[in-house]
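Peer 1: Let me give you the structure first, and then I'll get to my questions.
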Protein chains: 2
Amino acid sequence: MERKRSDRIADALEGLIFDGTFADGDRLDEVQLASRFAVSRTPIREALHRLSQSGLVVQIPRRGVFVRQPGPVELIEMFEVMAELEAVSARLAAARISETALAELHAANERCKHAVEAQDTDGYYLENEQFHAIIYRQSGNRFLEQECLRLQRRLQPFRRVQLRVRGRMKQSMAEHEDVVAAIEAADGDRAAAAIRRHVSVQGEKFHHLMASLKPAAE
Amino acid sequence: MERKRSDRIADALEGLIFDGTFADGDRLDEVQLASRFAVSRTPIREALHRLSQSGLVVQIPRRGVFVRQPGPVELIEMFEVMAELEAVSARLAAARISETALAELHAANERCKHAVEAQDTDGYYLENEQFHAIIYRQSGNRFLEQECLRLQRRLQPFRRVQLRVRGRMKQSMAEHEDVVAAIEAADGDRAAAAIRRHVSVQGEKFHHLMASLKPAAE
DNA sequence: TCAAGGTATTTTGTATACAAGATTGACAAT
DNA sequence: ATTGTCAATCTTGTATACAAAATACCTTGA
């Protein structure tokens with residue numbers, strides 16, 4: 001059981017925004033949502049407040065809250081920042097990683113490989129998340145770890161979509177190998193460069209994906 | 001006039017935490033605060049929720065919210081991340097800055113210099129903030145800019161305190177000169193390195209400051 | 001005297017009622 | 001016909017009332 005209704009609702013709303021039930025620019029009516037979730041306005045308001053803090057919706061005083069999906073430009077910007085944060089993590093991790101964590105990293109990467117072979121995009125996404133999380137943790141900087149996880153979570157739906165592009169999973173795996181090798185060699189700069197490429201290529205790929213999807217959607 | 005009471009209260013609470021009225025670990029009682037601010041619990045709850053999102057307090061379900069000041073370790077971690085984010089900003093700004101913005105940067109730096117000469121720490125802090133804000137903006141990455149401003153805001157009270165260390169303002173100015181020169185020369189790597197030093201030295205300085213302050217406080 | 005269980009109190013989480021501001025529609029005047 | 005103003009309605013923001021959960025205290029038994 002979730003801790004609070006408002007948390008449960010925040011998660012649910014996040015999902016509804018990601019899966020397109022609520023599109024960009026839609027107003028989220030408090031009373032509508034209240035009846036939809038069969039709760040009062042109070043937890044709805046708290047949930048909306050949380051989403052607003054995480055940037056998923058924007059709150060205009062006395063006007064209401066509106067869905068605010070990042071446009072292509074903002075997405076690329078976010079991926080650029082993500083790439084840099086991950087690069088820092090990787091650089092630090094290369095210097096600080098423990099033997100056991102290195103073994104875990106190898107294991108996570110193996111699990112990624114199996115998911116690729118099984119053509120299991122969902123599985124790959126989860127294992128990939130684990131892989132990156134290990135690097136964040138091994139940066140030895142808990143604050144950095146939190147920031148990375150926050151941004152990762154925010155970009156999650158976009159990273160997910162583009163895994164379905166043909167051949168992307170395999171390429172992603174190859175990039176992982178580079179990263180692991182660099183970290184194992186304790187080569188911080190190489191690790192940083194490798195993971196920066198790995199992440200920023202996603203931003204570019206996503207851009208192309210969007211461009212190719214747009215006409216089809218209309 | 002502020003837009004909402006809850007916003008006003010959030011700001012006020014922030015101030016009360018920063019100035020030490022509420023110390024680390026204190027529980028913030030909703031009804032007490034409600035009577036203190038002469039409002040109902042609702043806006044208090046919203047304000048506390050906001051502070052919790054920004055990490056200033058921690059919310060334990062069914063237990064209440066507690067002030068959560070970062071310890072020395074976490075502070076150093078935060079400065080480390082700040083240094084990296086600013087380094088990225090500076091690198092990008094060196095490549096992308098416009099002529100007019102470069103002039104603004106010079107102007108802001110001049111104003112910093114005047115504040116130093118006038119021994120005006122508050123003034124210096126404000127101008128320094130402007131100086132950095134210009135670099136964030138000139139990174140050309142609005143998302144990065146927002147993240148930098150967010151973290152800058154969070155570290156504000158700690159940056160401020162350590163400006164009072166003798167000689168720090170002058171040293172800070174010298175570091176600024178390096179940064180400006182590197183950006184003007186469009187040398188991204190040098191600009192990144194210069195600002196990284198500039199920021200991370202603050203984390204270290206703060207650490208020393210804390211260490212020297214602790215015994216005096218007891 | 002100490003421990004265990006239960007009750008009472010305190011406190012958070014939720015619901016509802018109320019107030020204030022904003023938007024939209026109609027009506028009137030130019 | 002168009003525009004401006006006023007009012008009605010809708011929606012957010014705030015207050016208060018209620019419910020559930022956790023803690024603290026008290027009582028009772030060994």
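Chain lettering (A, B, ...) mirrors the order of the structure tokens, residue numbering begins at 1 for each chain separately, and ligand numbering begins at 1 in order of display.
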As a ChimeraX atom specification, please: every residue in stretch 64-127 of chain B that DSSP puts in alpha helix (DSSP H).
Peer 2: /B:72-96,99-117,121-127
Peer 1: Quick one: which chain A residues come within 9 Å of chain B, and what is the nearest atom pair for each with the distance in Å to one decimal, counting only C-alpha atoms, rows ordered by chain and ascending number, as a Markdown table?
Peer 2:
| residue | atom | partner | partner_atom | distance |
| --- | --- | --- | --- | --- |
| A:Arg3 | CA | B:Pro61 | CA | 7.1 |
| A:Lys4 | CA | B:Pro61 | CA | 8.0 |
| A:Glu46 | CA | B:Glu46 | CA | 7.5 |
| A:His49 | CA | B:Arg50 | CA | 8.1 |
| A:Arg50 | CA | B:Gln53 | CA | 7.7 |
| A:Gln53 | CA | B:Gln53 | CA | 7.1 |
| A:Ser54 | CA | B:Gln53 | CA | 8.6 |
| A:Pro61 | CA | B:Arg3 | CA | 7.2 |
| A:Glu74 | CA | B:Phe143 | CA | 6.8 |
| A:Leu75 | CA | B:Phe143 | CA | 8.9 |
| A:Glu77 | CA | B:Asn141 | CA | 5.7 |
| A:Met78 | CA | B:Phe143 | CA | 6.2 |
| A:Glu80 | CA | B:Leu144 | CA | 8.4 |
| A:Val81 | CA | B:Leu144 | CA | 6.2 |
| A:Glu84 | CA | B:Val88 | CA | 7.4 |
| A:Leu85 | CA | B:Leu85 | CA | 7.9 |
| A:Val88 | CA | B:Glu84 | CA | 7.5 |
| A:Gly140 | CA | B:Glu77 | CA | 9.0 |
| A:Asn141 | CA | B:Glu77 | CA | 5.7 |
| A:Arg142 | CA | B:Glu77 | CA | 7.2 |
| A:Phe143 | CA | B:Glu77 | CA | 6.0 |
| A:Leu144 | CA | B:Val81 | CA | 6.2 |
Peer 1: As a VMD selection string, please: the residues near stretch 7-16 of chain C (cut-off 9 Å, only C-alpha atoms (C1' of nucleotides), same-chain neighbours under 6 positions excluded).
Peer 2: (chain A and resid 4 to 5 39 to 43) or (chain B and resid 29 to 30 61 to 64) or (chain D and resid 16 to 26)
Peer 1: Deliver the residues from the most recent selection as a file, using C-alpha atoms (C1' of nucleotides), as a PDB file, in the first residue's frame.
Peer 2:
ATOM      1  CA  LYS A   4      -0.760   8.506   1.102  1.00  0.00           C
ATOM      2  CA  ARG A   5      -3.559   8.881  -1.354  1.00  0.00           C
ATOM      3  CA  VAL A  39     -11.368  11.446  -3.344  1.00  0.00           C
ATOM      4  CA  SER A  40     -11.763  15.034  -2.257  1.00  0.00           C
ATOM      5  CA  ARG A  41      -9.962  17.972  -3.800  1.00  0.00           C
ATOM      6  CA  THR A  42      -7.352  18.083  -1.044  1.00  0.00           C
ATOM      7  CA  PRO A  43      -5.193  15.103  -2.059  1.00  0.00           C
TER       8      PRO A  43
ATOM      9  CA  ASP B  29       4.293  21.757  14.118  1.00  0.00           C
ATOM     10  CA  GLU B  30       1.470  22.613  11.757  1.00  0.00           C
ATOM     11  CA  PRO B  61       4.442  10.125   6.982  1.00  0.00           C
ATOM     12  CA  ARG B  62       2.161  10.351   9.985  1.00  0.00           C
ATOM     13  CA  ARG B  63       5.030  11.794  11.993  1.00  0.00           C
ATOM     14  CA  GLY B  64       5.486  15.322  10.794  1.00  0.00           C
TER      15      GLY B  64
ATOM     16  C1'  DT D  16     -12.737  24.332   9.524  1.00  0.00           C
ATOM     17  C1'  DA D  17     -14.541  19.938  10.645  1.00  0.00           C
ATOM     18  C1'  DC D  18     -13.822  15.013  10.732  1.00  0.00           C
ATOM     19  C1'  DA D  19     -11.242  10.524  10.548  1.00  0.00           C
ATOM     20  C1'  DA D  20      -7.399   7.635  11.128  1.00  0.00           C
ATOM     21  C1'  DA D  21      -3.037   6.660  12.997  1.00  0.00           C
ATOM     22  C1'  DA D  22       0.634   7.035  16.183  1.00  0.00           C
ATOM     23  C1'  DT D  23       2.391   8.114  20.618  1.00  0.00           C
ATOM     24  C1'  DA D  24       2.088   8.698  25.397  1.00  0.00           C
ATOM     25  C1'  DC D  25       0.174   7.826  29.617  1.00  0.00           C
ATOM     26  C1'  DC D  26      -2.310   5.261  32.866  1.00  0.00           C
TER      27       DC D  26
END
Peer 1: Do you know which residues are at most 8 Å from stretch 15-24 of chain B counting only C-alpha atoms (C1' of nucleotides), after dropping those on the same chain fewer than 4 positions away, and could you put them as number ranges by chain?
Peer 2: B: 11, 66-69, 157
Peer 1: Keeping only C-alpha atoms, write the selected residues to a file as a PDB file, in the first residue's frame.
Peer 2:
ATOM      1  CA  ASP B  11       9.585  32.011   1.909  1.00  0.00           C
ATOM      2  CA  PHE B  66      11.559  17.988  10.415  1.00  0.00           C
ATOM      3  CA  VAL B  67      14.212  20.514   9.530  1.00  0.00           C
ATOM      4  CA  ARG B  68      16.973  18.866   7.604  1.00  0.00           C
ATOM      5  CA  GLN B  69      20.066  20.998   7.306  1.00  0.00           C
ATOM      6  CA  PRO B 157      23.147  30.937   2.729  1.00  0.00           C
TER       7      PRO B 157
END
Peer 1: Excluding A:Ala181 and any residue of its chain fewer than 6 positions from it, enumerate the residues within 12 Å of it, using only C-alpha atoms (C1' of nucleotides), and give them as a ChimeraX atom specification.
Peer 2: /A:90,94,102,105-106,109,174-175,187-188,190-192,194-195
Peer 1: Would you output that residue set with C-alpha atoms, as an mmCIF file, in the first residue's frame?
Peer 2:
data_model
loop_
_atom_site.group_PDB
_atom_site.id
_atom_site.type_symbol
_atom_site.label_atom_id
_atom_site.label_comp_id
_atom_site.auth_asym_id
_atom_site.auth_seq_id
_atom_site.Cartn_x
_atom_site.Cartn_y
_atom_site.Cartn_z
ATOM 1 C CA ALA A 90 31.206 8.063 -14.351
ATOM 2 C CA ALA A 94 35.990 5.250 -12.228
ATOM 3 C CA LEU A 102 32.317 -3.414 -10.219
ATOM 4 C CA LEU A 105 28.062 -3.474 -12.741
ATOM 5 C CA HIS A 106 29.239 -6.418 -14.825
ATOM 6 C CA ASN A 109 25.389 -5.343 -17.928
ATOM 7 C CA ALA A 174 27.955 -1.604 -27.241
ATOM 8 C CA GLU A 175 28.161 1.786 -25.569
ATOM 9 C CA ASP A 187 40.135 5.847 -16.722
ATOM 10 C CA GLY A 188 37.820 8.619 -15.579
ATOM 11 C CA ARG A 190 37.346 7.883 -20.997
ATOM 12 C CA ALA A 191 34.423 6.746 -18.862
ATOM 13 C CA ALA A 192 33.011 10.258 -18.844
ATOM 14 C CA ALA A 194 31.817 7.182 -23.209
ATOM 15 C CA ILE A 195 28.742 7.750 -21.096
#
Peer 1: Choose the residue, out of A:Arg27, A:Phe158, A:Ala38, A:Ala12, that has the smallest atom-to-atom separation from chain C; count only C-alpha atoms (C1' of nucleotides).
Peer 2: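 With only C-alpha atoms (C1' of nucleotides) as the atom set, the closest residue is A:Ala38.
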Peer 1: Measuring between only C-alpha atoms (C1' of nucleotides), which one of A:Leu209, A:Val199, A:Ile44, A:Leu13 shows the shortest distance to chain C?
Peer 2: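 Nearest to chain C: A:Ile44.
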Peer 1: How would you write, as a ChimeraX atom specification, the set of residues in chain B that DSSP gives as strand (DSSP E)?
Peer 2: /B:27-28,57-60,64-67
Peer 1: I want to know what sits within 10 Å of stretch 111-118 of chain A, based on only C-alpha atoms (C1' of nucleotides), with residues of the same chain fewer than 5 positions away left out; could you give that as an mmCIF file with C-alpha atoms, in the first residue's frame?
Peer 2:
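And here is the file that came out, selection_1.cif:
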data_model
loop_
_atom_site.group_PDB
_atom_site.id
_atom_site.type_symbol
_atom_site.label_atom_id
_atom_site.label_comp_id
_atom_site.auth_asym_id
_atom_site.auth_seq_id
_atom_site.Cartn_x
_atom_site.Cartn_y
_atom_site.Cartn_z
ATOM 1 C CA LEU A 105 28.062 -3.474 -12.741
ATOM 2 C CA HIS A 106 29.239 -6.418 -14.825
ATOM 3 C CA GLY A 123 13.284 -5.701 -19.409
ATOM 4 C CA TYR A 124 16.169 -3.899 -21.054
ATOM 5 C CA TYR A 125 14.899 -0.585 -19.836
ATOM 6 C CA LEU A 126 14.741 -1.785 -16.248
ATOM 7 C CA GLU A 127 18.164 -3.392 -16.288
ATOM 8 C CA ASN A 128 19.613 -0.372 -18.047
ATOM 9 C CA GLU A 129 18.207 1.788 -15.271
ATOM 10 C CA GLN A 130 19.945 -0.433 -12.720
ATOM 11 C CA PHE A 131 23.198 -0.207 -14.643
ATOM 12 C CA GLY A 167 18.938 -1.516 -33.634
ATOM 13 C CA ARG A 168 19.062 1.017 -30.822
ATOM 14 C CA MET A 169 19.188 -1.585 -28.043
ATOM 15 C CA LYS A 170 22.163 -3.272 -29.605
ATOM 16 C CA SER A 172 23.177 0.959 -26.516
ATOM 17 C CA MET A 173 24.747 -2.302 -25.347
ATOM 18 C CA ALA A 174 27.955 -1.604 -27.241
ATOM 19 C CA HIS A 176 27.696 0.129 -22.210
#
Peer 1: I'd like the neighbourhood of C:DG25 as a PDB file with N, CA and C atoms (P, O5', C5', C4', C3', O3' and C1' of nucleotides), in the first residue's frame, where a residue qualifies if any of its atoms comes within 10 Å (using only C-alpha atoms (C1' of nucleotides)), though same-chain residues fewer than 4 positions away should be ignored.
Peer 2:
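What ended up in out_29.pdb:
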ATOM      1  P    DA D   7     -23.980  44.946 -11.348  1.00  0.00           P
ATOM      2  O5'  DA D   7     -24.588  43.489 -11.461  1.00  0.00           O
ATOM      3  C5'  DA D   7     -25.380  43.151 -12.612  1.00  0.00           C
ATOM      4  C4'  DA D   7     -25.169  41.691 -12.978  1.00  0.00           C
ATOM      5  C3'  DA D   7     -25.071  40.733 -11.788  1.00  0.00           C
ATOM      6  O3'  DA D   7     -25.742  39.541 -12.105  1.00  0.00           O
ATOM      7  C1'  DA D   7     -23.192  40.463 -13.143  1.00  0.00           C
ATOM      8  P    DA D   8     -26.628  38.819 -11.039  1.00  0.00           P
ATOM      9  O5'  DA D   8     -26.575  37.319 -11.569  1.00  0.00           O
ATOM     10  C5'  DA D   8     -26.645  37.076 -12.973  1.00  0.00           C
ATOM     11  C4'  DA D   8     -25.717  35.936 -13.369  1.00  0.00           C
ATOM     12  C3'  DA D   8     -25.629  34.794 -12.355  1.00  0.00           C
ATOM     13  O3'  DA D   8     -25.654  33.561 -13.050  1.00  0.00           O
ATOM     14  C1'  DA D   8     -23.471  35.555 -12.843  1.00  0.00           C
ATOM     15  P    DT D   9     -25.940  32.197 -12.300  1.00  0.00           P
ATOM     16  O5'  DT D   9     -24.726  31.286 -12.794  1.00  0.00           O
ATOM     17  C5'  DT D   9     -24.113  31.557 -14.063  1.00  0.00           C
ATOM     18  C4'  DT D   9     -22.676  31.068 -14.033  1.00  0.00           C
ATOM     19  C3'  DT D   9     -22.411  29.857 -13.135  1.00  0.00           C
ATOM     20  O3'  DT D   9     -21.550  28.973 -13.813  1.00  0.00           O
ATOM     21  C1'  DT D   9     -20.883  31.532 -12.637  1.00  0.00           C
TER      22       DT D   9
END
Peer 1: What's the separation between atom CA of A:His132 and atom CA of B:Arg153, in Å to one decimal place?
Peer 2: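 If I compute the distance from atom CA of A:His132 to atom CA of B:Arg153, I get 27.9 Å.
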